[in-house]
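The structure file final22.txt is reproduced below (compact mmCIF, C-alpha atoms).
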```txt
# COMPACT_ATOMS: atom_id res chain seq x y z
CA MET T 269 8.12 -29.04 -3.27
CA LYS T 270 8.61 -27.56 0.17
CA ALA T 271 11.97 -29.31 0.51
CA LEU T 272 13.08 -27.67 -2.74
CA ASP T 273 11.97 -24.28 -1.42
CA ARG T 274 13.97 -24.71 1.78
CA ALA T 275 17.00 -25.92 -0.17
CA HIS T 276 17.11 -23.20 -2.81
CA VAL T 277 14.73 -20.24 -2.32
CA PHE T 278 16.03 -17.20 -0.46
CA HIS T 279 13.01 -15.41 1.02
CA SER T 280 12.67 -11.66 1.46
CA TRP T 281 12.58 -9.90 4.86
CA SER T 282 13.36 -13.19 6.66
CA ALA T 283 15.95 -15.00 8.71
CA GLN T 284 16.16 -17.99 6.41
CA GLY T 285 16.58 -20.64 9.10
CA LEU T 286 13.64 -19.41 11.17
CA ILE T 287 10.84 -19.54 8.60
CA ASP T 288 8.48 -22.32 7.59
CA PRO T 289 6.65 -21.22 4.41
CA LEU T 290 3.25 -22.72 3.77
CA ALA T 291 3.24 -24.87 0.63
CA VAL T 292 0.38 -23.53 -1.51
CA ALA T 293 -1.32 -25.89 -3.95
CA GLY T 294 -3.77 -23.46 -5.52
CA ALA T 295 -5.96 -20.39 -5.22
CA GLU T 296 -9.22 -19.02 -6.56
CA GLY T 297 -11.22 -15.91 -5.75
CA SER T 298 -10.74 -14.97 -2.10
CA TYR T 299 -9.24 -18.32 -1.04
CA PHE T 300 -6.07 -20.40 -1.33
CA TRP T 301 -5.29 -23.92 -0.08
CA ASP T 302 -2.40 -26.14 0.86
CA TYR T 303 -1.47 -29.66 -0.25
CA ASP T 304 -3.48 -31.17 2.59
CA GLY T 305 -6.58 -29.47 1.24
CA ARG T 306 -6.83 -26.94 4.07
CA ARG T 307 -8.41 -23.79 2.72
CA TYR T 308 -7.76 -20.24 3.93
CA LEU T 309 -9.76 -17.07 3.38
CA ASP T 310 -7.10 -14.56 2.33
CA PHE T 311 -7.44 -11.33 4.29
CA THR T 312 -4.07 -10.17 2.88
CA SER T 313 -4.80 -10.19 -0.88
CA GLY T 314 -1.33 -11.70 -1.29
CA LEU T 315 0.59 -8.58 -0.33
CA VAL T 316 -2.41 -6.32 -0.88
CA PHE T 317 -2.42 -6.86 -4.64
CA THR T 318 -5.05 -9.43 -5.67
CA ASN T 319 -7.72 -6.75 -5.93
CA ILE T 320 -9.93 -8.90 -8.17
CA GLY T 321 -9.02 -12.16 -6.42
CA TYR T 322 -7.04 -15.13 -7.63
CA GLN T 323 -7.36 -16.69 -11.08
CA HIS T 324 -9.99 -14.42 -12.59
CA PRO T 325 -10.78 -16.26 -15.85
CA LYS T 326 -10.86 -13.14 -18.04
CA VAL T 327 -7.42 -12.00 -16.90
CA VAL T 328 -5.95 -15.49 -17.21
CA ALA T 329 -7.38 -15.73 -20.74
CA ALA T 330 -5.95 -12.32 -21.67
CA ILE T 331 -2.46 -13.37 -20.58
CA GLN T 332 -2.77 -16.63 -22.53
CA GLU T 333 -4.00 -14.81 -25.63
CA GLN T 334 -1.21 -12.22 -25.47
CA ALA T 335 1.41 -14.95 -25.02
CA GLY T 336 0.15 -16.53 -28.23
CA LYS T 337 0.36 -13.24 -30.17
CA LEU T 338 3.42 -11.43 -28.80
CA SER T 339 4.83 -12.69 -25.54
CA THR T 340 7.53 -10.01 -25.17
CA PHE T 341 8.98 -6.99 -26.92
CA ALA T 342 11.46 -4.21 -26.12
CA PRO T 343 10.08 -1.06 -24.47
CA ALA T 344 11.28 1.37 -27.17
CA PHE T 345 8.56 0.16 -29.54
CA ALA T 346 4.83 0.90 -29.59
CA VAL T 347 2.90 -2.30 -28.94
CA GLU T 348 -0.86 -2.62 -28.51
CA PRO T 349 -1.20 -3.86 -24.90
CA ARG T 350 1.28 -1.25 -23.59
CA SER T 351 -0.48 1.62 -25.34
CA GLU T 352 -3.93 0.43 -24.31
CA ALA T 353 -2.91 -0.11 -20.69
CA ALA T 354 -1.44 3.41 -20.55
CA ARG T 355 -4.66 4.85 -21.99
CA LEU T 356 -6.89 3.03 -19.52
CA ILE T 357 -4.73 4.06 -16.55
CA ALA T 358 -4.53 7.69 -17.69
CA GLU T 359 -8.31 7.81 -18.02
CA ARG T 360 -8.61 6.96 -14.32
CA THR T 361 -5.80 8.94 -12.72
CA PRO T 362 -6.78 12.34 -11.30
CA GLY T 363 -6.11 15.62 -13.08
CA ASP T 364 -3.63 15.78 -15.94
CA LEU T 365 -1.57 12.70 -15.02
CA ASP T 366 -1.81 11.45 -18.57
CA LYS T 367 1.68 10.13 -19.31
CA ILE T 368 2.55 6.69 -17.96
CA PHE T 369 6.07 5.38 -17.32
CA PHE T 370 5.92 1.62 -16.73
CA THR T 371 8.06 -0.26 -14.22
CA ASN T 372 8.11 -3.80 -12.88
CA GLY T 373 6.70 -2.86 -9.48
CA GLY T 374 6.14 -0.22 -6.84
CA ALA T 375 9.70 0.24 -5.60
CA GLU T 376 10.94 0.99 -9.12
CA ALA T 377 8.03 3.40 -9.53
CA ILE T 378 9.22 5.35 -6.46
CA GLU T 379 12.83 5.22 -7.71
CA ASN T 380 11.80 6.84 -10.98
CA ALA T 381 9.35 9.32 -9.45
CA VAL T 382 12.13 10.60 -7.19
CA ARG T 383 14.53 10.78 -10.12
CA MET T 384 12.00 12.71 -12.20
CA ALA T 385 11.37 15.15 -9.35
CA ARG T 386 15.07 15.79 -8.81
CA LEU T 387 15.72 16.34 -12.50
CA HIS T 388 12.63 18.52 -12.94
CA THR T 389 13.52 20.80 -10.02
CA GLY T 390 17.31 20.56 -9.99
CA ARG T 391 17.11 20.00 -6.22
CA PRO T 392 18.49 17.08 -4.18
CA LYS T 393 16.31 16.49 -1.10
CA ILE T 394 13.22 14.34 -0.61
CA LEU T 395 10.84 14.67 2.33
CA ALA T 396 8.90 11.60 3.46
CA ALA T 397 6.95 10.46 6.52
CA TYR T 398 8.31 8.23 9.27
CA ARG T 399 5.28 5.93 9.25
CA SER T 400 5.63 4.83 5.64
CA TYR T 401 6.83 2.13 3.30
CA HIS T 402 7.83 2.85 -0.29
CA GLY T 403 9.82 -0.18 -1.44
CA GLY T 404 13.01 -2.17 -0.99
CA THR T 405 15.33 -0.76 -3.69
CA GLN T 406 18.04 1.72 -2.72
CA THR T 407 16.23 5.04 -3.10
CA ALA T 408 12.83 3.63 -2.17
CA ILE T 409 14.10 2.05 1.06
CA ASN T 410 15.71 5.34 2.11
CA VAL T 411 12.44 7.16 1.40
CA THR T 412 10.70 4.56 3.59
CA GLY T 413 10.15 5.55 7.21
CA ASP T 414 9.64 2.21 8.97
CA PRO T 415 12.43 0.06 10.51
CA ARG T 416 13.03 -1.91 7.33
CA ARG T 417 14.98 1.18 6.24
CA TRP T 418 17.59 0.95 8.98
CA PRO T 419 19.94 -1.76 7.64
CA SER T 420 20.18 0.01 4.25
CA ASP T 421 20.02 3.64 5.39
CA THR T 422 23.06 5.40 3.95
CA GLY T 423 22.35 8.67 5.75
CA THR T 424 23.49 10.47 2.60
CA ALA T 425 20.57 9.62 0.34
CA GLY T 426 19.12 13.11 0.60
CA VAL T 427 15.97 12.01 2.45
CA VAL T 428 14.53 13.88 5.43
CA HIS T 429 11.71 12.30 7.43
CA PHE T 430 8.87 14.10 9.20
CA TRP T 431 5.77 13.21 11.21
CA ALA T 432 2.55 12.86 9.26
CA PRO T 433 -0.81 13.07 11.08
CA PHE T 434 -2.01 10.11 13.16
CA LEU T 435 -4.47 11.26 15.81
CA TYR T 436 -4.66 7.95 17.72
CA ARG T 437 -0.92 8.16 18.45
CA SER T 438 -0.50 11.88 17.86
CA PRO T 439 3.08 13.19 17.93
CA PHE T 440 1.55 16.66 18.27
CA HIS T 441 -0.54 16.09 21.44
CA ALA T 442 -3.68 16.86 19.45
CA THR T 443 -7.14 15.93 20.68
CA THR T 444 -9.18 16.49 17.51
CA GLU T 445 -8.67 15.81 13.81
CA ALA T 446 -8.65 19.56 13.14
CA GLU T 447 -5.86 20.08 15.68
CA GLU T 448 -3.89 17.12 14.29
CA CYS T 449 -4.19 18.46 10.76
CA ALA T 450 -3.16 22.01 11.65
CA ARG T 451 -0.23 20.92 13.81
CA ALA T 452 1.01 18.35 11.29
CA LEU T 453 0.97 20.95 8.53
CA ARG T 454 2.81 23.44 10.75
CA HIS T 455 5.42 20.76 11.52
CA LEU T 456 5.85 20.02 7.82
CA GLU T 457 6.10 23.72 6.98
CA ASP T 458 8.76 24.16 9.67
CA THR T 459 10.68 21.15 8.33
CA VAL T 460 10.60 22.63 4.82
CA LEU T 461 11.78 26.02 6.07
CA PHE T 462 14.61 24.65 8.19
CA GLU T 463 15.78 22.24 5.46
CA GLY T 464 15.62 25.03 2.89
CA PRO T 465 12.75 25.10 0.37
CA GLY T 466 15.19 25.60 -2.49
CA THR T 467 16.89 22.28 -1.66
CA ILE T 468 13.74 20.11 -1.66
CA ALA T 469 12.75 18.31 -4.86
CA ALA T 470 9.70 16.41 -3.62
CA ILE T 471 7.44 15.52 -0.75
CA VAL T 472 6.51 11.83 -1.02
CA LEU T 473 3.47 10.49 0.82
CA GLU T 474 1.32 7.40 0.69
CA THR T 475 -2.15 8.81 0.13
CA ILE T 476 -3.30 6.53 2.96
CA PRO T 477 -0.28 4.84 4.58
CA GLY T 478 -0.53 1.09 4.10
CA THR T 479 1.90 -1.23 5.86
CA ALA T 480 2.55 1.47 8.46
CA GLY T 481 -1.01 1.25 9.76
CA ILE T 482 -3.75 2.45 7.37
CA MET T 483 -4.01 5.90 8.91
CA VAL T 484 -6.56 7.90 6.91
CA PRO T 485 -5.32 11.50 6.90
CA PRO T 486 -7.61 14.12 8.46
CA PRO T 487 -9.68 16.38 6.20
CA GLY T 488 -7.57 19.15 4.74
CA TYR T 489 -4.16 17.60 5.32
CA LEU T 490 -3.32 16.50 1.78
CA ALA T 491 -4.73 19.74 0.40
CA GLY T 492 -2.44 21.56 2.83
CA VAL T 493 0.57 19.57 1.62
CA ARG T 494 -0.41 20.43 -1.95
CA GLU T 495 -0.44 24.13 -1.01
CA ILE T 496 3.00 23.92 0.65
CA CYS T 497 4.40 22.22 -2.45
CA ASP T 498 2.90 24.82 -4.77
CA ARG T 499 4.20 27.71 -2.68
CA HIS T 500 7.78 26.40 -2.65
CA GLY T 501 7.98 24.81 -6.10
CA ILE T 502 8.20 21.30 -4.63
CA VAL T 503 6.97 18.24 -6.54
CA PHE T 504 4.12 16.44 -4.74
CA VAL T 505 4.36 12.66 -5.13
CA LEU T 506 1.53 10.39 -3.99
CA ASP T 507 2.34 6.70 -3.56
CA GLU T 508 -0.78 4.75 -4.55
CA VAL T 509 0.97 1.40 -4.96
CA MET T 510 -1.27 -0.12 -2.29
CA THR T 511 -4.30 2.18 -2.39
CA GLY T 512 -4.78 2.39 -6.14
CA PHE T 513 -7.26 0.54 -8.33
CA GLY T 514 -10.26 0.24 -6.07
CA ARG T 515 -8.69 -0.67 -2.75
CA THR T 516 -10.19 2.31 -0.87
CA GLY T 517 -13.51 2.40 -2.71
CA LYS T 518 -12.21 4.83 -5.35
CA TRP T 519 -10.04 4.20 -8.38
CA PHE T 520 -7.34 6.15 -6.52
CA ALA T 521 -7.40 7.25 -2.89
CA ALA T 522 -6.54 10.82 -3.92
CA GLU T 523 -10.16 11.14 -5.02
CA HIS T 524 -11.28 10.97 -1.38
CA PHE T 525 -9.34 14.15 -0.66
CA ASP T 526 -9.84 16.07 -3.92
CA VAL T 527 -6.11 16.48 -4.53
CA VAL T 528 -4.01 16.00 -7.65
CA PRO T 529 -0.31 15.23 -7.20
CA ASP T 530 2.42 15.98 -9.73
CA LEU T 531 3.47 12.33 -9.84
CA LEU T 532 1.49 9.26 -8.79
CA THR T 533 3.04 5.81 -8.37
CA PHE T 534 1.08 2.60 -8.80
CA ALA T 535 1.56 -1.18 -8.99
CA LYS T 536 -0.14 -4.14 -7.26
CA GLY T 537 -3.85 -3.73 -8.09
CA VAL T 538 -3.21 -2.41 -11.61
CA ASN T 539 -3.37 -6.03 -12.80
CA SER T 540 -4.11 -7.80 -9.51
CA GLY T 541 -0.48 -8.91 -9.37
CA TYR T 542 -0.93 -11.54 -12.08
CA VAL T 543 2.27 -10.39 -13.86
CA PRO T 544 4.66 -7.86 -12.24
CA LEU T 545 3.79 -4.28 -13.24
CA GLY T 546 4.05 -0.81 -11.78
CA GLY T 547 4.47 2.70 -12.98
CA VAL T 548 4.45 6.47 -12.59
CA ALA T 549 1.62 8.67 -13.80
CA ILE T 550 3.18 12.00 -14.80
CA SER T 551 1.70 15.50 -14.94
CA ALA T 552 1.86 17.58 -18.09
CA GLU T 553 4.36 20.00 -16.54
CA ILE T 554 6.84 17.31 -15.54
CA ALA T 555 6.37 15.42 -18.81
CA ALA T 556 7.26 18.64 -20.64
CA THR T 557 10.64 18.69 -18.88
CA PHE T 558 11.59 15.62 -20.89
CA GLU T 559 9.99 16.61 -24.18
CA ASN T 560 13.32 17.60 -25.73
CA ARG T 561 15.62 16.34 -22.98
CA PRO T 562 16.16 12.59 -22.67
CA TYR T 563 14.89 11.02 -19.49
CA PRO T 564 17.86 9.08 -18.06
CA GLY T 565 16.04 6.01 -16.89
CA GLY T 566 14.56 2.82 -18.23
CA LEU T 567 13.93 -0.86 -17.68
CA THR T 568 14.34 -3.85 -19.96
CA TYR T 569 10.80 -5.01 -19.18
CA SER T 570 9.10 -1.61 -18.97
CA GLY T 571 5.53 -2.13 -20.11
CA HIS T 572 5.99 -5.86 -20.68
CA PRO T 573 3.26 -7.09 -23.07
CA LEU T 574 2.04 -9.87 -20.78
CA ALA T 575 1.86 -7.55 -17.78
CA CYS T 576 0.10 -4.85 -19.76
CA ALA T 577 -2.38 -7.34 -21.26
CA ALA T 578 -3.17 -8.39 -17.70
CA ALA T 579 -3.66 -4.72 -16.73
CA VAL T 580 -6.01 -4.09 -19.66
CA ALA T 581 -8.07 -7.14 -18.74
CA THR T 582 -8.08 -6.27 -15.03
CA ILE T 583 -9.24 -2.69 -15.58
CA ARG T 584 -11.96 -3.88 -17.95
CA VAL T 585 -13.12 -6.49 -15.44
CA MET T 586 -13.21 -3.85 -12.72
CA ALA T 587 -15.37 -1.62 -14.93
CA GLU T 588 -17.68 -4.43 -16.07
CA GLU T 589 -18.19 -5.82 -12.56
CA ASP T 590 -18.33 -2.42 -10.85
CA VAL T 591 -15.54 -3.54 -8.52
CA VAL T 592 -14.73 -0.08 -7.16
CA ALA T 593 -18.30 0.51 -6.01
CA ARG T 594 -18.41 -3.01 -4.58
CA ALA T 595 -15.29 -2.32 -2.52
CA ALA T 596 -16.82 0.90 -1.20
CA ALA T 597 -20.08 -0.86 -0.31
CA ILE T 598 -18.46 -3.83 1.44
CA GLY T 599 -16.42 -1.41 3.52
CA GLU T 600 -19.35 0.80 4.42
CA HIS T 601 -21.92 -1.90 5.12
CA VAL T 602 -19.98 -4.99 6.22
CA LEU T 603 -16.32 -4.55 7.15
CA GLY T 604 -16.55 -1.17 8.85
CA PRO T 605 -19.58 -1.98 11.02
CA GLY T 606 -18.35 -5.53 11.67
CA LEU T 607 -14.91 -4.43 12.82
CA ARG T 608 -16.39 -1.77 15.08
CA GLU T 609 -18.61 -4.44 16.65
CA LEU T 610 -15.51 -6.55 17.30
CA ALA T 611 -13.91 -3.55 19.01
CA GLU T 612 -16.86 -3.32 21.37
CA ARG T 613 -16.41 -6.95 22.43
CA HIS T 614 -12.62 -7.21 22.56
CA PRO T 615 -10.57 -5.02 24.93
CA SER T 616 -7.45 -5.68 22.84
CA VAL T 617 -8.84 -3.54 20.00
CA GLY T 618 -7.76 0.04 20.58
CA GLU T 619 -8.88 1.58 17.29
CA VAL T 620 -10.57 0.60 14.03
CA ARG T 621 -9.68 2.69 10.99
CA GLY T 622 -9.98 2.41 7.23
CA THR T 623 -12.21 2.63 4.17
CA GLY T 624 -13.25 0.33 1.32
CA VAL T 625 -11.37 -2.95 1.73
CA PHE T 626 -8.47 -1.23 3.49
CA TRP T 627 -8.78 -1.50 7.29
CA ALA T 628 -6.60 -1.88 10.37
CA LEU T 629 -7.19 -2.96 13.94
CA ASP T 630 -4.72 -1.29 16.31
CA LEU T 631 -4.27 -3.84 19.11
CA VAL T 632 -3.35 -2.66 22.60
CA ARG T 633 -2.50 -3.95 26.07
CA ASP T 634 -4.33 -1.06 27.68
CA ARG T 635 -7.05 1.03 26.05
CA GLU T 636 -6.54 3.91 28.47
CA THR T 637 -2.81 4.35 27.83
CA ARG T 638 -3.00 2.96 24.26
CA GLU T 639 0.09 0.88 24.95
CA PRO T 640 0.58 -1.34 21.87
CA LEU T 641 -0.03 -5.06 22.32
CA VAL T 642 3.63 -5.62 21.34
CA PRO T 643 6.49 -3.09 21.23
CA TYR T 644 7.36 -1.12 18.12
CA ASN T 645 9.44 -3.32 15.80
CA PRO T 646 9.35 -6.24 18.28
CA ALA T 647 12.00 -8.92 18.56
CA PRO T 648 10.57 -12.47 18.27
CA ALA T 649 10.74 -12.88 22.05
CA ASP T 650 8.49 -9.83 22.49
CA ASN T 651 5.95 -10.81 19.83
CA ALA T 652 4.10 -13.61 21.62
CA ALA T 653 0.76 -11.79 21.74
CA MET T 654 0.60 -11.13 18.00
CA ALA T 655 1.94 -14.60 17.21
CA SER T 656 -0.85 -16.08 19.32
CA PHE T 657 -3.42 -13.95 17.54
CA ALA T 658 -2.09 -14.95 14.09
CA ALA T 659 -2.11 -18.62 15.04
CA GLY T 660 -5.74 -18.25 16.12
CA CYS T 661 -6.66 -16.74 12.75
CA LYS T 662 -5.03 -19.58 10.83
CA ALA T 663 -6.66 -22.19 13.04
CA ALA T 664 -10.00 -20.60 12.11
CA GLY T 665 -9.21 -20.77 8.38
CA LEU T 666 -8.24 -17.11 7.96
CA TRP T 667 -4.87 -15.92 6.65
CA PRO T 668 -4.16 -12.59 8.43
CA PHE T 669 -2.02 -9.59 7.60
CA VAL T 670 -0.07 -8.88 10.80
CA ASN T 671 2.42 -6.06 11.26
CA MET T 672 3.78 -5.05 14.66
CA ASN T 673 0.73 -4.51 16.92
CA ARG T 674 -1.81 -4.40 14.10
CA THR T 675 -3.82 -6.70 11.93
CA HIS T 676 -4.90 -5.30 8.59
CA VAL T 677 -8.13 -6.36 6.94
CA VAL T 678 -7.30 -6.14 3.24
CA PRO T 679 -9.19 -8.85 1.33
CA PRO T 680 -9.81 -8.71 -2.42
CA CYS T 681 -12.07 -5.89 -3.58
CA THR T 682 -14.32 -8.63 -5.00
CA ILE T 683 -14.91 -10.34 -1.65
CA SER T 684 -18.56 -11.26 -1.12
CA GLU T 685 -20.63 -10.24 1.88
CA ALA T 686 -20.74 -13.86 3.04
CA GLU T 687 -16.96 -14.22 2.77
CA ALA T 688 -16.40 -10.95 4.62
CA LYS T 689 -18.65 -12.11 7.45
CA GLU T 690 -16.81 -15.44 7.54
CA GLY T 691 -13.57 -13.52 8.01
CA LEU T 692 -15.06 -11.36 10.74
CA GLU T 693 -16.14 -14.50 12.63
CA ALA T 694 -12.59 -15.86 12.42
CA LEU T 695 -11.19 -12.54 13.68
CA ASP T 696 -13.69 -12.63 16.54
CA ALA T 697 -12.36 -16.01 17.67
CA ALA T 698 -8.69 -15.05 17.23
CA LEU T 699 -9.00 -11.77 19.11
CA SER T 700 -9.75 -13.76 22.25
CA ALA T 701 -6.09 -14.79 22.18
CA ALA T 702 -5.05 -11.13 22.01
CA ASP T 703 -7.43 -10.28 24.85
CA ALA T 704 -5.47 -12.63 27.11
CA TYR T 705 -2.56 -10.16 27.00
CA VAL T 706 -4.60 -7.10 27.96
CA VAL T 707 -3.75 -5.44 31.24
CA THR T 708 -6.65 -5.80 33.70
CA GLY T 709 -7.40 -4.06 36.94
```
As structure tokens - that is how I would like this structure written.
Amino acid sequence: MKALDRAHVFHSWSAQGLIDPLAVAGAEGSYFWDYDGRRYLDFTSGLVFTNIGYQHPKVVAAIQEQAGKLSTFAPAFAVEPRSEAARLIAERTPGDLDKIFFTNGGAEAIENAVRMARLHTGRPKILAAYRSYHGGTQTAINVTGDPRRWPSDTGTAGVVHFWAPFLYRSPFHATTEAEECARALRHLEDTVLFEGPGTIAAIVLETIPGTAGIMVPPPGYLAGVREICDRHGIVFVLDEVMTGFGRTGKWFAAEHFDVVPDLLTFAKGVNSGYVPLGGVAISAEIAATFENRPYPGGLTYSGHPLACAAAVATIRVMAEEDVVARAAAIGEHVLGPGLRELAERHPSVGEVRGTGVFWALDLVRDRETREPLVPYNPAPADNAAMASFAAGCKAAGLWPFVNMNRTHVVPPCTISEAEAKEGLEALDAALSAADAYVVTG
């Protein structure tokens, strides 16, 4: 099987000749295993999408049942799983985001949210943060702020990037969250004014940035962005592809900040990734723009019956098993305290940040200077410290999420207390490898 992969599968974000994919034989709950029977506790949730774990029997059964009734149908028709999935999602989104446009994933959700914003406002520009990731398709990758944008950056995509708040590595020389919030909002306001408010269609933000580092925004920041958008007639788009459906201990992370965007994108956790699905939740005002004017966008598999049946089953499971509250509790009582204890013991841990089952350890060479353990966007030759840490995790039976100088702790929302503690023990052992690279004296 692995030989076939190497012969024929072209992997994303990879130099094909330099990778050695693990051959996975199966998965269940919070674990997966290889063909030698070696089992790993998955602290990545796949790519932060298996919110209810692998192979939940109720979701598997729902997919099987739907395949027996109506395995596929064109999106122009009303079919039961699509309508029911839209209803269940709309019941949980904040405010009046009651219309749901379905896509196949998060990048397509961003593509369509941006298109809707531009058509609704008649303006061309999009503002987005540098520390962000919004997807790999053409518009979404240009909206993205991290280095994965660079090879595909056209420079003419109408995207302007700005600095969002991040106190630990503040671009504003702030010393408190209140200072960081005020200065970040002033910077955004200045960017809007100098770009021209009448040229800006939307401000796009991850509610809590994910791949870029899980930086929880300071109190008042998102409300401040909402106010700037309202004052200038700009559409406010929140990307909840990673944070949605329980990941942060709320159905959507926007609930933590008491803000309602005009458009909200989702994917991943909506059906735990069992069948590809994403979408845009649309406010009443923007939906009205297309009441008598055709929306010029669509997808062959928009609202695919199997994907929507999986979403219906997933949302029902989450309600029945109180998964959102469980995620909040495991973060408050196990992961948060446990990670902070690791920081006390390991000099390589510069900062712990997160909520729910959405955490990051910022690893450093020097706590005083906060120099990252590896450089920003490191070449392989400069990544030895993080590679050593990742190898230590895997040796301890933990599959880690590693990005630049960080490891993210993003297990399924259904992870048990015992499993979470098992993962913390593995991190404890692996961080010793990172400690070896810390500057001493």
Find the residues around Ala469 of chain T up to 7 Å (only C-alpha atoms counted), leave out those fewer than 6 positions away in its own chain, and share them as a VMD selection string.
chain T and resid 385 to 386 389 391 to 394 502 to 503
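The spacing separating atom CA of Ala658 of chain T from atom CA of Ile482 of chain T amounts to 18.7 Å.
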Any idea what's packed within 12 Å of Gln332 of chain T, counting all atoms listed in the file, ignoring anything in its chain fewer than 2 positions away? Could you give it as a PDB file with C-alpha atoms, in the coordinates of the input?
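Output below, filename part_36.pdb:
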```
ATOM      1  CA  PRO T 325     -10.780 -16.260 -15.850  1.00  0.00           C
ATOM      2  CA  LYS T 326     -10.860 -13.140 -18.040  1.00  0.00           C
ATOM      3  CA  VAL T 327      -7.420 -12.000 -16.900  1.00  0.00           C
ATOM      4  CA  VAL T 328      -5.950 -15.490 -17.210  1.00  0.00           C
ATOM      5  CA  ALA T 329      -7.380 -15.730 -20.740  1.00  0.00           C
ATOM      6  CA  ALA T 330      -5.950 -12.320 -21.670  1.00  0.00           C
ATOM      7  CA  GLN T 334      -1.210 -12.220 -25.470  1.00  0.00           C
ATOM      8  CA  ALA T 335       1.410 -14.950 -25.020  1.00  0.00           C
ATOM      9  CA  GLY T 336       0.150 -16.530 -28.230  1.00  0.00           C
ATOM     10  CA  LYS T 337       0.360 -13.240 -30.170  1.00  0.00           C
ATOM     11  CA  LEU T 338       3.420 -11.430 -28.800  1.00  0.00           C
ATOM     12  CA  SER T 339       4.830 -12.690 -25.540  1.00  0.00           C
ATOM     13  CA  TYR T 542      -0.930 -11.540 -12.080  1.00  0.00           C
ATOM     14  CA  VAL T 543       2.270 -10.390 -13.860  1.00  0.00           C
ATOM     15  CA  PRO T 573       3.260  -7.090 -23.070  1.00  0.00           C
ATOM     16  CA  LEU T 574       2.040  -9.870 -20.780  1.00  0.00           C
ATOM     17  CA  ALA T 575       1.860  -7.550 -17.780  1.00  0.00           C
ATOM     18  CA  ALA T 577      -2.380  -7.340 -21.260  1.00  0.00           C
ATOM     19  CA  ALA T 578      -3.170  -8.390 -17.700  1.00  0.00           C
ATOM     20  CA  ALA T 581      -8.070  -7.140 -18.740  1.00  0.00           C
TER      21      ALA T 581
END
```
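In this comparison, which uses all atoms listed in the file, the residue of T:Arg417, T:Asn645, T:Asp310, T:Gln284 approaching Gly691 of chain T most closely is T:Asp310.
Shortest separation to Val484 of chain T among T:Val347, T:Ile550, T:Thr533, T:Val620 occurs at residue T:Val620, atoms counted being only C-alpha atoms.
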Would you mind reading off the distance between atom CA of Gly599 of chain T and atom CA of Pro439 of chain T, one decimal, in Å?
28.3 Å
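With all atoms listed in the file as the atoms that count, the residue of T:Val509, T:Val277, T:Leu435, T:Ala442 with the shortest distance to Gly478 of chain T is T:Val509.
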Closest of T:Ser570, T:Asn372, T:Thr340, T:Thr467 to Leu395 of chain T, counting only C-alpha atoms, is T:Thr467
Find the spatial neighbours of Ile496 of chain T, counting all atoms listed in the file, within a cut-off of 12 Å - ignore same-chain residues fewer than 4 positions away - and output them as an MDAnalysis selection string.
chainID T and resid 453:461 465 468 470:471 489:492 500:504
Ref. answer, residues at most 6 Å from (3.5, 12.9, -13.7) with all atoms listed in the file, as JSON, numbers by chain:
{"T": [365, 530, 531, 549, 550, 551, 554]}
9 Å contact set for segment 521-528 of chain T, all atoms listed in the file, chain neighbours under 3 positions out, as a short mmCIF file (atom, residue, chain, number, x, y, z; two decimals) with C-alpha atoms, in the frame of the given file:
```cif
data_model
loop_
_atom_site.label_atom_id
_atom_site.label_comp_id
_atom_site.auth_asym_id
_atom_site.auth_seq_id
_atom_site.Cartn_x
_atom_site.Cartn_y
_atom_site.Cartn_z
CA THR T 361 -5.80 8.94 -12.72
CA PRO T 362 -6.78 12.34 -11.30
CA GLY T 363 -6.11 15.62 -13.08
CA ASP T 364 -3.63 15.78 -15.94
CA LEU T 365 -1.57 12.70 -15.02
CA THR T 475 -2.15 8.81 0.13
CA ILE T 476 -3.30 6.53 2.96
CA PRO T 485 -5.32 11.50 6.90
CA PRO T 487 -9.68 16.38 6.20
CA GLY T 488 -7.57 19.15 4.74
CA TYR T 489 -4.16 17.60 5.32
CA LEU T 490 -3.32 16.50 1.78
CA ALA T 491 -4.73 19.74 0.40
CA ARG T 494 -0.41 20.43 -1.95
CA PHE T 504 4.12 16.44 -4.74
CA LEU T 506 1.53 10.39 -3.99
CA GLU T 508 -0.78 4.75 -4.55
CA THR T 511 -4.30 2.18 -2.39
CA GLY T 512 -4.78 2.39 -6.14
CA PHE T 513 -7.26 0.54 -8.33
CA GLY T 514 -10.26 0.24 -6.07
CA ARG T 515 -8.69 -0.67 -2.75
CA THR T 516 -10.19 2.31 -0.87
CA GLY T 517 -13.51 2.40 -2.71
CA LYS T 518 -12.21 4.83 -5.35
CA LEU T 531 3.47 12.33 -9.84
CA LEU T 532 1.49 9.26 -8.79
#
```
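A straight line drawn from atom CA of Leu641 of chain T to atom CA of Asp703 of chain T is 9.4 Å long.
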Distance query 10 Å from (-2.4, -4.5, 28.6) using all atoms listed in the file, result as a short mmCIF file (atom, residue, chain, number, x, y, z; two decimals) with C-alpha atoms, in the frame of the given file:
```
data_model
loop_
_atom_site.label_atom_id
_atom_site.label_comp_id
_atom_site.auth_asym_id
_atom_site.auth_seq_id
_atom_site.Cartn_x
_atom_site.Cartn_y
_atom_site.Cartn_z
CA PRO T 615 -10.57 -5.02 24.93
CA SER T 616 -7.45 -5.68 22.84
CA LEU T 631 -4.27 -3.84 19.11
CA VAL T 632 -3.35 -2.66 22.60
CA ARG T 633 -2.50 -3.95 26.07
CA ASP T 634 -4.33 -1.06 27.68
CA ARG T 635 -7.05 1.03 26.05
CA GLU T 636 -6.54 3.91 28.47
CA THR T 637 -2.81 4.35 27.83
CA ARG T 638 -3.00 2.96 24.26
CA GLU T 639 0.09 0.88 24.95
CA PRO T 640 0.58 -1.34 21.87
CA LEU T 641 -0.03 -5.06 22.32
CA VAL T 642 3.63 -5.62 21.34
CA ALA T 702 -5.05 -11.13 22.01
CA ASP T 703 -7.43 -10.28 24.85
CA ALA T 704 -5.47 -12.63 27.11
CA TYR T 705 -2.56 -10.16 27.00
CA VAL T 706 -4.60 -7.10 27.96
CA VAL T 707 -3.75 -5.44 31.24
CA THR T 708 -6.65 -5.80 33.70
CA GLY T 709 -7.40 -4.06 36.94
#
```
